[in-house]
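First up is the structure itself, then whatever we jot down about it.
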Amino acid sequence: MDVSLLLDDLNDKQREAVAAPQTNMLVLAGAGSGKTRVLVHRIAWLMEVENIAPFSILAVTFTNKAAKEMRGRIESLMKRSMHTMWMGTFHGLAHRLLRAHHAEAGLPENFQILDSDDQYRLIRRILKAMNLDEKHWPPRQVQWYINGNKDEGLRPQHIDTHNDHTQQKMRDIYAAYQESCDRSGLVDFAELLLRAHELWARNPEILAHYQKRFRAVLVDEFQDTNNIQYAWLRMLCSTGDNTIMIVGDDDQSIYGWRGANVDNIHKFLKDFPKPETIRLEQNYRSTSTILKAANAVIDNNTGRLGKELWTDGAEGELVSVYAGFNELDEARFIVSQIKSWLQQGHPLTESAILYRNNAQSRVLEEALLHEGLAYRIYGGLRFFERQEIKDALGYLRMINHPHDDAAYERVVNTPSRGMGEKTLSNIRETARAHNCSLWQASNLLIAEGALKGRAANALQSFILLITELEQATEGQPLEEQADKAIRQSGLYAMYQAEKGEKAQARLENLEELVTACKQFVVPEEADEMTPLSAFLAHASLEAGETQADSDQDAVQMMTIHTAKGLEFPLVFMAGVEEGMFPSQMTNDEPGRMEEERRLAYVGMTRAMKKLFITYAESRRLYGQDKYHTASRFIREIPAECVEEVRLKSTVSRPVHNRFSRATSHESFEQTGFQLGQRVTHRKFGEGIVLNYEGSGDHARVQVNFDEFGSKWLVLAYAKLQPT
Ligand code: ATP
Ligand code: MG
C-alpha cells in the first residue's frame with residue numbers, strides 16, 4: 001500500500017505521532033483534535049512500515065462499540081482482515097487472557113462471567129447464609145465495597161481493617177463471596193481485571209510471552225483508567241521489549257467516581273521508560289463558536305495540564321440556550337428543533353440528546369414518541385424497561401389485578417421477605433393443580449394451613465401487603481397509588497439502603513415514575529379503563545416497542561458519560577440547571593465540581609455544527625416542583641457565543657446577562673428586590689423572588705407564590721411589597 005495514504009489527511013503534529021520511531025508516547029490533546037484518528041493511523045503505520053504483525057498489536061478502547069469501529073476503520077485502511085489483532089476493552093482483553101490461561105489463573109475451563117445483577121443476587125445469598133441482615137449490610141454497598149477493593153488490586157487478606165468491627169465484617173463478606181465464586185467458577189467484572197493482573201504477576205513466563213508478543217500497545221481514553229488497569233499495562237510494558245502509546249485528555253476524565261485516576265497520566269511519564277509527549281492543538285470537530293464556548297467553560301478548572309485548542313473551521317451558529325418553563329416544555333422544544341432539522345433534509349441519526357442522569361430520558365422519550373420520532377438509547381435501557389421501574393410496575397399490576405402471575409413472580413420476594421425457592425415451587429405446583437393463579441394458590445395454601453413457620457409468615461405478609469395496598473389506594477389519584485406502592489412495599493427503602501451511584505439512579509427513576517403518573521392523561525380511547533389500567537397499558541406498550549435498530553434512522557439518546565469519544569452534527573444538552581448539572585451532591589465532595597465541569601466539557605465538545613443547551617426553570621423532582629436557575633456552566637460561556645432562544649423570537653446578547661445575574665445575590669438595579677427575597681402581592685399573597693429579566697418599564701420578575709405557584713409579573717404593575 002502507498003504509505004502516504006496513512007499520512008495525507010493528518011496535520012504535522014498528528015503525522016509526527018503516527019510516524020514516530022518506536023518509543024513510549026503520550027498524545028495529550030483536547031477534544032476533537034484527532035487522538036482517536038492518530039491511534040488508528042498509528043496502528044496501520046506500525047503494520048505497514050514497521051512490519052509489525054496484527055498478531056503483535058494490543059489496542060485498548062473504552063467501549064466494545066469503539067473497538068468494533070476501530071477495527072473496521074483499520075480494515076478499510078489496510079484492506080485486509082485484522083482478526084488476529086487484540087483489540088477491545090480492558091475487560092474484554094482480560095477475559096480473553098484468562099480463557100487462554102485458565103489453569104494458571106486458577107479457573108475452571110468453563111468459567112462464567114457474573115454480570116452486575118448476578119453479582120448482586122449472589123451477594124444477597126451470601127448475606128443470608130451468613131445470617132446478616134440486609135438492612136445493616138445493604139447488598140449494593142457490599143457490592144460497591146468488593147468491586148472497589150478489586151479495582152485497587154486488594155484481596156480480603158490485603159485489607160487493613162484497623163480492628164474496626166464493621167470493616168472486619170465487610171472483609172469477611174468479601175472473603176465468603178469470593179470463596180463462593182471460586183467454588184462455582186464465577187468471575188465478576190472487577191475480578192477479570194484483578195485475575196489478569198495476578199496471572200502475570202504470578203507466572204513470569206506467561207508475562208514474558210506477552211511482553212514479547214505484543215510489540216506495540218495502544219490505549220485510547222487513557223485518562224479514565226483505574227489503578228488495576230494501570231498496573232496491568234505497566235507490567236506489560238516496562239521491560240523495554242515493546243512500546244506503548246497512550247492518548248488522552250485530562251479535561252475529559254469523568255469516571256473519578258468509579259475509581260478512575262487521572263493522575264495515571266502523570267504517573268505514566270515517570271513509570272515508563274523514556275516517554276515522549278506530543279500535543280495536538282487543532283480541533284477538527286466543532287465550529288469555532290462551540291469550541292470557544294467549551295474552552296471557556298473548562299478554563300474554570302484548576303490544576304489542568306493545560307492545552308491550547310483552535311480550529312480554522314467556520315465560526316458557525318451561536319450556541320442556543322433555551323429556558324423551558326418546565327421539563328415538558330423543555331422536551332417539546334427539543335423535539336420541535338429536531339423536527340425542523342429533519343425538515344431541512346438531515347437524517348435523525350445526526351442528532352443527539354445528552355443528559356446528566358438516566359432518569360431524565362423519560363420525559364424526552366415521551367415527547368419523541370408523541371411526535372412519532374424514532375430514537376435509540378445507548379448504554380442504558382428505556383425508562384419502562386429498567387429493573388426498579390419493572391419492580392414498581394409489578395406492584396401496581398398486583399393492585400390492578402392480583403392474578404397477574406408475571407407480576408406476582410416479579411415482586412413476591414422483592415424486596416426479600418424470606419420466601420424460599422421451595423415455598424415458591426409449592427405455590428406454583430398448587431396453582432397448576434388447581435388451575436388457578438399464583439395469587440389464588442397462595443390464599444389457598446394459607447387457608448388450608450399447608451405452610452408452616454417462616455414460609456407461612458413470609459407468604460402471609462405478602463398477601464397482607466397487596467390487600468392493604470389495594471385498599472389504601474382505592475379511588476386515589478394515580479400518583480398516590482404509585483407512591484404508596486413504591487413505599488409501602490419496601491421497594492424504595494430497599495434501594496435507599498444501598499449506597500452508590502447506581503442505587504441513587506434507581507431512586508431517581510422511582511421518583512420519576514411517580515411524576516410520570518402525575519403527568520399521565522388517560523387517552524380518549526381508554527376512557528373506559530381505570531387510570532391505573534390505562535397507565536399500565538401505556539407503560540407496557542412503551543417498553544414493548546423495540547429499540548430502533550442501529551441501522552434505522554433515529555435520534556441518539558444517551559448520558560454524557562456514554563457519549564465520550566463520539567460526535568454528532570446536532571447536539572442537545574438537556575437539564576443544564578443548578579441542582580441537576582452540576583448535580584446537587586457535587587458540593588459535598590471535594591473535586592466533584594471540577595469533574596462535573598469536565599463532564600460539561602465532554603458534552604459540549606460532542607457537537608460538530610450546532611449546540612443547544614436547555615434547562616427547565618421548574619422541574620418536578622422527587623414529587624415536588626423544584627425551581628432552578630441556569631447552570632453555572634451556562635454562565636461560564638462567553639456572552640458573544642450564546643443566544644437565548646425564545647419560542648417566537650430570538651434575542652441575542654443582552655439576555656445573556658440574565659444568566660449571569662440570575663443567581664447573583666445582588667439586588668437588581670433600581671428595583672430594591674433581591675433573588676430569594678420574600679415578597680407580598682395584593683392578589684397572590686406571599687412568595688419568593690426567583691428570577692427576573694429586562695429593565696425599566698419592561699422589567700419582569702418571577703415569583704413563586706406559596707399558594708399560586710410560579711408567575712412572571714411585570715414589575716411596574718405588580719406592586720410587590722417586601723414581606
Ligand atoms: P475525543 O477527545 O472527543 O475523543 P479525539 O481527539 O479522539 O476526540 P477524533 O474523534 O479522532 O478526536 O477526531 C475528531 C474529528 O476530527 C473526527 O471526525 C476526525 O475524523 C476529524 N479529524 C481528525 N483529524 C483530522 C485531520 N487532520 N483532518 C481532517 N479531519 C480530521
Ligand atoms: Mg477519541
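If you're wondering about the labels, chains in the C-alpha cells are A, B, ... by order shown, residues count from 1 in each chain, ligands from 1 in order shown.
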Residues up to 7 Å from ligand 1, counting only C-alpha atoms and all ligand atoms: could you list those as a PyMOL selection string?
chain A and resi 9-11+29-38+221+249+283-285+564-566+605-606
If we count only C-alpha atoms and set the cut-off at 9 Å, which residues sit around stretch 192-194 of chain A, ignoring sequence neighbours fewer than 4 positions away in its own chain? Please answer as a list in words.
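Contacts, in chain order: Phe90, His91, Gly92, Leu93, Ala94, His95, Leu98, Ile113, Lys150, Asp151, Glu152, Gly153, Leu154, Val187, Asp188, Glu198, Leu199, Ile228, Gln229 and Trp232 of chain A.
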Store the residues picked out above in a file with C-alpha atoms, as a PDB file, in the first residue's frame.
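Just written: out-v4.pdb:
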```pdb
ATOM      1  CA  PHE A  90      -9.789  -3.818  29.355  1.00  0.00           C
ATOM      2  CA  HIS A  91     -12.472  -6.231  30.481  1.00  0.00           C
ATOM      3  CA  GLY A  92     -12.751  -7.909  27.109  1.00  0.00           C
ATOM      4  CA  LEU A  93      -8.991  -8.338  26.828  1.00  0.00           C
ATOM      5  CA  ALA A  94      -8.624  -9.629  30.373  1.00  0.00           C
ATOM      6  CA  HIS A  95     -11.344 -12.150  29.627  1.00  0.00           C
ATOM      7  CA  LEU A  98      -7.993 -15.713  31.276  1.00  0.00           C
ATOM      8  CA  ILE A 113     -18.831 -14.194  33.856  1.00  0.00           C
ATOM      9  CA  LYS A 150     -10.708  -5.310  43.477  1.00  0.00           C
ATOM     10  CA  ASP A 151     -10.175  -2.155  41.410  1.00  0.00           C
ATOM     11  CA  GLU A 152      -7.359  -1.295  43.788  1.00  0.00           C
ATOM     12  CA  GLY A 153      -5.914  -4.796  43.490  1.00  0.00           C
ATOM     13  CA  LEU A 154      -6.863  -5.795  47.021  1.00  0.00           C
ATOM     14  CA  VAL A 187     -15.797 -14.273  37.651  1.00  0.00           C
ATOM     15  CA  ASP A 188     -17.260 -10.793  38.128  1.00  0.00           C
ATOM     16  CA  GLU A 198      -2.400 -11.727  39.177  1.00  0.00           C
ATOM     17  CA  LEU A 199      -1.953 -14.170  36.329  1.00  0.00           C
ATOM     18  CA  ILE A 228      -5.534  -2.026  38.414  1.00  0.00           C
ATOM     19  CA  GLN A 229      -5.690  -1.303  34.688  1.00  0.00           C
ATOM     20  CA  TRP A 232      -1.580  -4.227  34.264  1.00  0.00           C
TER      21      TRP A 232
END
```
Atom CA of A:Ala447 and atom CA of A:Phe462 are how many Å apart?
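Atom CA of A:Ala447 sits 14.3 Å away from atom CA of A:Phe462.
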Neighbouring residues of stretch 79-86 of chain A were defined as those with any atom within 8 Å, considering only C-alpha atoms; residues of the same chain fewer than 3 positions away were excluded. Please report them as JSON, numbers by chain.
{"A": [54, 55, 56, 57, 58, 59, 71, 74, 75, 76, 93]}
Ranking A:Asn163, A:Ser583, A:Ser180, A:Thr680 by minimum distance to A:Leu122 and counting only C-alpha atoms, which one comes first?
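The closest residue to A:Leu122 is A:Ser180.
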In terms of the shortest atom-to-atom distance over only C-alpha atoms and all ligand atoms, which of A:Phe62, A:Phe189, A:Tyr177, A:Phe705 is closest to ligand 2?
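Nearest to ligand 2: A:Phe62.
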Backbone DSSP call of helix (DSSP H, G or I) for stretch 29-189 of chain A, listed as a compact mmCIF listing (two decimals) with N, CA and C atoms, in the first residue's frame:
```txt
# COMPACT_ATOMS: atom_id res chain seq x y z
N LYS A 35 -7.21 12.50 18.33
CA LYS A 35 -6.46 11.50 19.08
C LYS A 35 -6.81 10.09 18.61
N THR A 36 -8.09 9.84 18.51
CA THR A 36 -8.51 8.50 18.10
C THR A 36 -8.07 8.24 16.65
N ARG A 37 -8.15 9.28 15.85
CA ARG A 37 -7.69 9.11 14.47
C ARG A 37 -6.19 8.78 14.44
N VAL A 38 -5.41 9.45 15.26
CA VAL A 38 -3.97 9.18 15.32
C VAL A 38 -3.73 7.72 15.72
N LEU A 39 -4.47 7.27 16.69
CA LEU A 39 -4.30 5.89 17.18
C LEU A 39 -4.54 4.89 16.04
N VAL A 40 -5.60 5.12 15.31
CA VAL A 40 -5.94 4.21 14.20
C VAL A 40 -4.84 4.23 13.14
N HIS A 41 -4.41 5.43 12.77
CA HIS A 41 -3.37 5.53 11.74
C HIS A 41 -2.04 4.97 12.23
N ARG A 42 -1.77 5.13 13.49
CA ARG A 42 -0.54 4.60 14.06
C ARG A 42 -0.52 3.07 13.95
N ILE A 43 -1.64 2.46 14.23
CA ILE A 43 -1.71 1.01 14.15
C ILE A 43 -1.42 0.57 12.71
N ALA A 44 -2.03 1.26 11.76
CA ALA A 44 -1.80 0.92 10.36
C ALA A 44 -0.33 1.16 9.99
N TRP A 45 0.22 2.24 10.48
CA TRP A 45 1.63 2.57 10.22
C TRP A 45 2.56 1.47 10.76
N LEU A 46 2.31 1.05 11.97
CA LEU A 46 3.16 0.03 12.58
C LEU A 46 3.16 -1.25 11.75
N MET A 47 2.01 -1.58 11.21
CA MET A 47 1.94 -2.79 10.41
C MET A 47 2.63 -2.60 9.06
N GLU A 48 2.35 -1.46 8.46
CA GLU A 48 2.80 -1.23 7.09
C GLU A 48 4.28 -0.89 7.03
N PRO A 54 -0.35 -7.94 12.81
CA PRO A 54 -1.55 -7.65 13.62
C PRO A 54 -1.55 -8.46 14.91
N PHE A 55 -1.03 -9.67 14.81
CA PHE A 55 -0.93 -10.57 15.95
C PHE A 55 -0.14 -9.95 17.11
N SER A 56 0.75 -9.02 16.80
CA SER A 56 1.63 -8.45 17.83
C SER A 56 1.15 -7.10 18.34
N ASN A 64 -16.93 -1.51 23.74
CA ASN A 64 -16.89 -2.51 22.68
C ASN A 64 -17.25 -1.89 21.35
N LYS A 65 -18.18 -0.94 21.41
CA LYS A 65 -18.60 -0.27 20.20
C LYS A 65 -17.40 0.43 19.55
N ALA A 66 -16.62 1.11 20.38
CA ALA A 66 -15.44 1.81 19.87
C ALA A 66 -14.45 0.83 19.26
N ALA A 67 -14.30 -0.34 19.91
CA ALA A 67 -13.37 -1.35 19.40
C ALA A 67 -13.81 -1.82 18.02
N LYS A 68 -15.10 -2.03 17.89
CA LYS A 68 -15.62 -2.52 16.62
C LYS A 68 -15.40 -1.50 15.51
N GLU A 69 -15.67 -0.24 15.86
CA GLU A 69 -15.49 0.81 14.87
C GLU A 69 -14.02 0.94 14.47
N MET A 70 -13.15 0.83 15.46
CA MET A 70 -11.73 0.99 15.20
C MET A 70 -11.22 -0.13 14.30
N ARG A 71 -11.64 -1.35 14.61
CA ARG A 71 -11.23 -2.48 13.78
C ARG A 71 -11.70 -2.26 12.33
N GLY A 72 -12.94 -1.78 12.21
CA GLY A 72 -13.48 -1.53 10.87
C GLY A 72 -12.67 -0.47 10.12
N ARG A 73 -12.28 0.59 10.83
CA ARG A 73 -11.52 1.66 10.18
C ARG A 73 -10.15 1.16 9.73
N ILE A 74 -9.52 0.33 10.57
CA ILE A 74 -8.20 -0.18 10.20
C ILE A 74 -8.31 -1.15 9.03
N GLU A 75 -9.35 -1.99 9.06
CA GLU A 75 -9.52 -2.93 7.97
C GLU A 75 -9.76 -2.20 6.65
N SER A 76 -10.50 -1.08 6.73
CA SER A 76 -10.74 -0.39 5.46
C SER A 76 -9.49 0.37 5.00
N LEU A 77 -8.67 0.80 5.95
CA LEU A 77 -7.39 1.42 5.57
C LEU A 77 -6.46 0.38 4.95
N MET A 78 -6.38 -0.79 5.59
CA MET A 78 -5.40 -1.80 5.20
C MET A 78 -5.94 -2.77 4.15
N PHE A 90 -10.61 -3.13 28.35
CA PHE A 90 -9.79 -3.82 29.35
C PHE A 90 -10.47 -5.12 29.79
N HIS A 91 -11.76 -5.03 30.01
CA HIS A 91 -12.47 -6.23 30.48
C HIS A 91 -12.47 -7.33 29.43
N GLY A 92 -12.72 -6.93 28.19
CA GLY A 92 -12.75 -7.91 27.11
C GLY A 92 -11.39 -8.58 26.94
N LEU A 93 -10.33 -7.80 27.02
CA LEU A 93 -8.99 -8.34 26.83
C LEU A 93 -8.60 -9.24 27.99
N ALA A 94 -8.94 -8.81 29.20
CA ALA A 94 -8.62 -9.63 30.37
C ALA A 94 -9.35 -10.98 30.26
N HIS A 95 -10.56 -10.93 29.80
CA HIS A 95 -11.34 -12.15 29.63
C HIS A 95 -10.65 -13.10 28.66
N ARG A 96 -10.19 -12.54 27.55
CA ARG A 96 -9.52 -13.35 26.54
C ARG A 96 -8.26 -14.02 27.12
N LEU A 97 -7.55 -13.23 27.89
CA LEU A 97 -6.32 -13.74 28.51
C LEU A 97 -6.63 -14.87 29.49
N LEU A 98 -7.65 -14.70 30.28
CA LEU A 98 -7.99 -15.71 31.28
C LEU A 98 -8.50 -16.99 30.60
N ARG A 99 -9.21 -16.85 29.51
CA ARG A 99 -9.65 -18.03 28.76
C ARG A 99 -8.43 -18.83 28.29
N ALA A 100 -7.43 -18.10 27.80
CA ALA A 100 -6.25 -18.78 27.27
C ALA A 100 -5.42 -19.44 28.36
N SER A 116 -23.38 -7.65 36.64
CA SER A 116 -23.58 -6.89 37.86
C SER A 116 -24.86 -7.31 38.61
N ASP A 117 -25.90 -7.67 37.88
CA ASP A 117 -27.12 -8.13 38.55
C ASP A 117 -26.93 -9.50 39.19
N ASP A 118 -26.22 -10.39 38.47
CA ASP A 118 -25.93 -11.71 39.04
C ASP A 118 -25.09 -11.55 40.31
N GLN A 119 -24.15 -10.65 40.23
CA GLN A 119 -23.26 -10.43 41.38
C GLN A 119 -24.08 -9.99 42.58
N TYR A 120 -25.00 -9.10 42.30
CA TYR A 120 -25.86 -8.59 43.36
C TYR A 120 -26.66 -9.72 44.01
N ARG A 121 -27.23 -10.57 43.18
CA ARG A 121 -28.03 -11.68 43.73
C ARG A 121 -27.17 -12.64 44.55
N LEU A 122 -25.96 -12.90 44.05
CA LEU A 122 -25.08 -13.79 44.80
C LEU A 122 -24.74 -13.18 46.16
N ILE A 123 -24.48 -11.90 46.18
CA ILE A 123 -24.16 -11.23 47.45
C ILE A 123 -25.32 -11.39 48.43
N ARG A 124 -26.52 -11.26 47.91
CA ARG A 124 -27.67 -11.43 48.80
C ARG A 124 -27.73 -12.84 49.37
N ARG A 125 -27.42 -13.81 48.55
CA ARG A 125 -27.42 -15.19 49.05
C ARG A 125 -26.36 -15.38 50.13
N ILE A 126 -25.20 -14.78 49.89
CA ILE A 126 -24.10 -14.90 50.86
C ILE A 126 -24.53 -14.27 52.20
N LEU A 127 -25.15 -13.10 52.11
CA LEU A 127 -25.58 -12.41 53.34
C LEU A 127 -26.55 -13.29 54.12
N LYS A 128 -27.43 -13.91 53.37
CA LYS A 128 -28.41 -14.77 54.02
C LYS A 128 -27.71 -15.95 54.69
N ALA A 129 -26.78 -16.56 53.96
CA ALA A 129 -26.07 -17.72 54.51
C ALA A 129 -25.27 -17.32 55.75
N PRO A 139 -26.87 -4.93 50.30
CA PRO A 139 -26.12 -5.66 49.28
C PRO A 139 -25.40 -4.75 48.28
N ARG A 140 -26.03 -3.62 47.92
CA ARG A 140 -25.35 -2.75 46.95
C ARG A 140 -24.08 -2.15 47.53
N GLN A 141 -24.15 -1.88 48.83
CA GLN A 141 -22.97 -1.31 49.47
C GLN A 141 -21.85 -2.35 49.52
N VAL A 142 -22.25 -3.58 49.80
CA VAL A 142 -21.28 -4.68 49.82
C VAL A 142 -20.66 -4.82 48.43
N GLN A 143 -21.50 -4.74 47.42
CA GLN A 143 -21.04 -4.88 46.04
C GLN A 143 -20.03 -3.78 45.70
N TRP A 144 -20.37 -2.57 46.11
CA TRP A 144 -19.51 -1.41 45.90
C TRP A 144 -18.16 -1.63 46.57
N TYR A 145 -18.22 -2.16 47.79
CA TYR A 145 -17.02 -2.41 48.59
C TYR A 145 -16.12 -3.45 47.90
N ILE A 146 -16.74 -4.54 47.50
CA ILE A 146 -15.96 -5.63 46.88
C ILE A 146 -15.31 -5.14 45.58
N ASN A 147 -16.11 -4.51 44.73
CA ASN A 147 -15.56 -4.06 43.45
C ASN A 147 -14.50 -2.97 43.63
N GLY A 148 -14.75 -2.08 44.58
CA GLY A 148 -13.79 -1.01 44.85
C GLY A 148 -12.43 -1.58 45.26
N ASN A 149 -12.46 -2.59 46.13
CA ASN A 149 -11.21 -3.19 46.55
C ASN A 149 -10.52 -3.92 45.42
N LYS A 150 -11.30 -4.61 44.62
CA LYS A 150 -10.71 -5.31 43.48
C LYS A 150 -10.07 -4.32 42.51
N ASP A 151 -10.74 -3.18 42.31
CA ASP A 151 -10.18 -2.16 41.41
C ASP A 151 -8.84 -1.63 41.92
N PRO A 156 -9.16 -9.89 50.14
CA PRO A 156 -9.52 -9.70 51.56
C PRO A 156 -8.32 -9.66 52.49
N GLN A 157 -7.35 -10.55 52.24
CA GLN A 157 -6.20 -10.61 53.17
C GLN A 157 -5.32 -9.37 53.09
N HIS A 158 -5.49 -8.56 52.04
CA HIS A 158 -4.67 -7.35 51.93
C HIS A 158 -5.31 -6.16 52.63
N HIS A 165 -14.86 -3.14 63.71
CA HIS A 165 -15.76 -4.29 63.60
C HIS A 165 -16.48 -4.32 62.23
N THR A 166 -17.01 -3.17 61.84
CA THR A 166 -17.74 -3.11 60.56
C THR A 166 -16.84 -3.48 59.40
N GLN A 167 -15.63 -2.91 59.44
CA GLN A 167 -14.66 -3.20 58.39
C GLN A 167 -14.34 -4.68 58.32
N GLN A 168 -14.18 -5.28 59.51
CA GLN A 168 -13.85 -6.70 59.55
C GLN A 168 -14.96 -7.53 58.94
N LYS A 169 -16.18 -7.14 59.29
CA LYS A 169 -17.34 -7.88 58.78
C LYS A 169 -17.40 -7.76 57.26
N MET A 170 -17.21 -6.55 56.76
CA MET A 170 -17.23 -6.34 55.32
C MET A 170 -16.20 -7.25 54.65
N ARG A 171 -15.02 -7.27 55.26
CA ARG A 171 -13.96 -8.09 54.70
C ARG A 171 -14.36 -9.56 54.70
N ASP A 172 -15.03 -10.00 55.78
CA ASP A 172 -15.47 -11.40 55.85
C ASP A 172 -16.49 -11.70 54.76
N ILE A 173 -17.38 -10.74 54.52
CA ILE A 173 -18.38 -10.96 53.47
C ILE A 173 -17.68 -11.09 52.12
N TYR A 174 -16.74 -10.17 51.88
CA TYR A 174 -15.95 -10.21 50.64
C TYR A 174 -15.31 -11.60 50.51
N ALA A 175 -14.68 -12.08 51.59
CA ALA A 175 -14.00 -13.37 51.54
C ALA A 175 -14.98 -14.50 51.24
N ALA A 176 -16.13 -14.47 51.89
CA ALA A 176 -17.13 -15.53 51.68
C ALA A 176 -17.66 -15.48 50.26
N TYR A 177 -17.87 -14.27 49.79
CA TYR A 177 -18.35 -14.09 48.41
C TYR A 177 -17.34 -14.67 47.42
N GLN A 178 -16.06 -14.34 47.67
CA GLN A 178 -15.03 -14.79 46.75
C GLN A 178 -14.91 -16.31 46.76
N GLU A 179 -15.01 -16.90 47.96
CA GLU A 179 -14.95 -18.36 48.05
C GLU A 179 -16.05 -18.98 47.21
N SER A 180 -17.23 -18.40 47.34
CA SER A 180 -18.36 -18.94 46.61
C SER A 180 -18.14 -18.82 45.09
N CYS A 181 -17.63 -17.68 44.66
CA CYS A 181 -17.33 -17.51 43.23
C CYS A 181 -16.32 -18.56 42.77
N ASP A 182 -15.27 -18.73 43.57
CA ASP A 182 -14.21 -19.66 43.18
C ASP A 182 -14.74 -21.09 43.09
N ARG A 183 -15.60 -21.44 44.07
CA ARG A 183 -16.18 -22.78 44.08
C ARG A 183 -16.99 -23.03 42.81
N SER A 184 -17.73 -22.01 42.39
CA SER A 184 -18.61 -22.24 41.25
C SER A 184 -18.02 -21.76 39.93
N PHE A 189 -16.92 -8.67 36.96
CA PHE A 189 -16.18 -7.76 36.07
C PHE A 189 -14.85 -7.30 36.68
```
Nearest residue to ligand 2 out of A:Glu528, A:Asp220, A:Asp405, A:Glu104, using only C-alpha atoms and all ligand atoms?
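When distances to ligand 2 are compared using only C-alpha atoms and all ligand atoms, the smallest one comes from A:Asp220.
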Taking into account only C-alpha atoms, which residue in the set A:Ile688, A:Asn357, A:Leu720, A:Ala392 is nearest to A:Glu707?
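Answer, going by the shortest atom-to-atom distance: A:Ile688.
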Taking the DSSP secondary structure from the backbone, can you list the residues of stretch 517-649 of chain A that are strand (DSSP E), as an NGL selection string?
:A and (555-559 or 568-573 or 607-621 or 624-627 or 642-645)
Which residues are close to A:Leu364, i.e. within 9 Å by only C-alpha atoms, leaving aside same-chain residues fewer than 6 positions away? Reply as a PDB file with C-alpha atoms, in the first residue's frame.
```pdb
ATOM      1  CA  GLU A 327     -39.255  19.852  31.812  1.00  0.00           C
ATOM      2  CA  LEU A 328     -42.193  19.178  29.499  1.00  0.00           C
ATOM      3  CA  GLU A 330     -38.017  21.766  27.523  1.00  0.00           C
ATOM      4  CA  ALA A 331     -38.675  18.382  25.904  1.00  0.00           C
ATOM      5  CA  ARG A 332     -41.207  19.855  23.488  1.00  0.00           C
ATOM      6  CA  ILE A 334     -36.009  19.898  21.758  1.00  0.00           C
ATOM      7  CA  VAL A 335     -38.378  17.783  19.719  1.00  0.00           C
ATOM      8  CA  ILE A 353     -29.808  14.376  23.087  1.00  0.00           C
TER       9      ILE A 353
END
```
Would you mind listing what lies within 10 Å of A:Phe568 as a list in words, with only C-alpha atoms counted and same-chain residues fewer than 3 positions away left out?
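My reading of the contact set: Arg285, Ser286, Thr349, Glu350, Ser351, Ala352, Ile353, Gln556, Ala563, Val571, Phe572, Thr605, Arg606, Ala607, Met608, Lys609, Lys610 and Leu611 of chain A.
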Please save C-alpha atoms of the selected residues as a PDB file, in the first residue's frame.
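Ended up saving to selection36.pdb:
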```
ATOM      1  CA  ARG A 285     -14.781  18.546  15.031  1.00  0.00           C
ATOM      2  CA  SER A 286     -16.577  21.670  16.093  1.00  0.00           C
ATOM      3  CA  THR A 349     -29.051   9.985  13.400  1.00  0.00           C
ATOM      4  CA  GLU A 350     -27.122  13.202  13.128  1.00  0.00           C
ATOM      5  CA  SER A 351     -28.863  14.486  16.239  1.00  0.00           C
ATOM      6  CA  ALA A 352     -28.129  13.517  19.814  1.00  0.00           C
ATOM      7  CA  ILE A 353     -29.808  14.376  23.087  1.00  0.00           C
ATOM      8  CA  GLN A 556     -29.447   9.229  19.524  1.00  0.00           C
ATOM      9  CA  ALA A 563     -21.189   9.978  24.713  1.00  0.00           C
ATOM     10  CA  VAL A 571     -26.319  18.127  19.966  1.00  0.00           C
ATOM     11  CA  PHE A 572     -28.788  18.989  22.715  1.00  0.00           C
ATOM     12  CA  THR A 605     -17.441  19.078  22.579  1.00  0.00           C
ATOM     13  CA  ARG A 606     -19.585  16.292  21.085  1.00  0.00           C
ATOM     14  CA  ALA A 607     -21.235  18.910  18.882  1.00  0.00           C
ATOM     15  CA  MET A 608     -19.924  19.469  15.395  1.00  0.00           C
ATOM     16  CA  LYS A 609     -22.221  22.088  13.875  1.00  0.00           C
ATOM     17  CA  LYS A 610     -24.887  23.178  16.314  1.00  0.00           C
ATOM     18  CA  LEU A 611     -25.191  23.014  20.064  1.00  0.00           C
TER      19      LEU A 611
END
```
Name the residues in contact with A:Cys641 at a cut-off of 8 Å, using only C-alpha atoms, excluding same-chain residues fewer than 4 positions from it; report them as a list in words.
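That gives Thr289, Ile290, Lys292, Ala293, Leu318, Val319 and Ile637 of chain A.
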Using the selection just defined, write its residues with N, CA and C atoms as a PDB file, in the first residue's frame.
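Result file result_29.pdb:
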```
ATOM      1  N   THR A 289     -17.198  28.634  17.278  1.00  0.00           N
ATOM      2  CA  THR A 289     -18.047  29.144  18.363  1.00  0.00           C
ATOM      3  C   THR A 289     -18.234  28.088  19.450  1.00  0.00           C
ATOM      4  N   ILE A 290     -18.537  26.881  19.029  1.00  0.00           N
ATOM      5  CA  ILE A 290     -18.724  25.801  20.012  1.00  0.00           C
ATOM      6  C   ILE A 290     -17.426  25.575  20.786  1.00  0.00           C
ATOM      7  N   LYS A 292     -14.943  27.657  21.315  1.00  0.00           N
ATOM      8  CA  LYS A 292     -14.649  28.776  22.205  1.00  0.00           C
ATOM      9  C   LYS A 292     -15.497  28.663  23.479  1.00  0.00           C
ATOM     10  N   ALA A 293     -16.748  28.308  23.293  1.00  0.00           N
ATOM     11  CA  ALA A 293     -17.637  28.157  24.439  1.00  0.00           C
ATOM     12  C   ALA A 293     -17.134  27.062  25.375  1.00  0.00           C
ATOM     13  N   LEU A 318     -24.370  30.463  16.743  1.00  0.00           N
ATOM     14  CA  LEU A 318     -24.198  30.642  18.188  1.00  0.00           C
ATOM     15  C   LEU A 318     -24.730  29.422  18.932  1.00  0.00           C
ATOM     16  N   VAL A 319     -24.226  29.226  20.126  1.00  0.00           N
ATOM     17  CA  VAL A 319     -24.776  28.188  20.990  1.00  0.00           C
ATOM     18  C   VAL A 319     -26.132  28.695  21.470  1.00  0.00           C
ATOM     19  N   ILE A 637     -20.060  30.447  29.768  1.00  0.00           N
ATOM     20  CA  ILE A 637     -19.855  30.604  28.320  1.00  0.00           C
ATOM     21  C   ILE A 637     -19.816  32.097  27.992  1.00  0.00           C
TER      22      ILE A 637
END
```
Residue contacts of A:Tyr395 (8 Å, only C-alpha atoms) excluding same-chain residues fewer than 4 positions away, as a PyMOL selection string
chain A and resi 391+399+407+411+466+485-486+489
What gap, in Å, lies between atom CA of A:Thr225 and atom CA of A:Val602?
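Answer for the atom CA of A:Thr225 to atom CA of A:Val602 separation: 16.6 Å.
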Which is closer to ligand 2 than all the others in A:Trp712, A:Trp137, A:Phe111, A:Phe222, using only C-alpha atoms and all ligand atoms?
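Looking only at the distances to ligand 2, the closest residue turns out to be A:Phe222.
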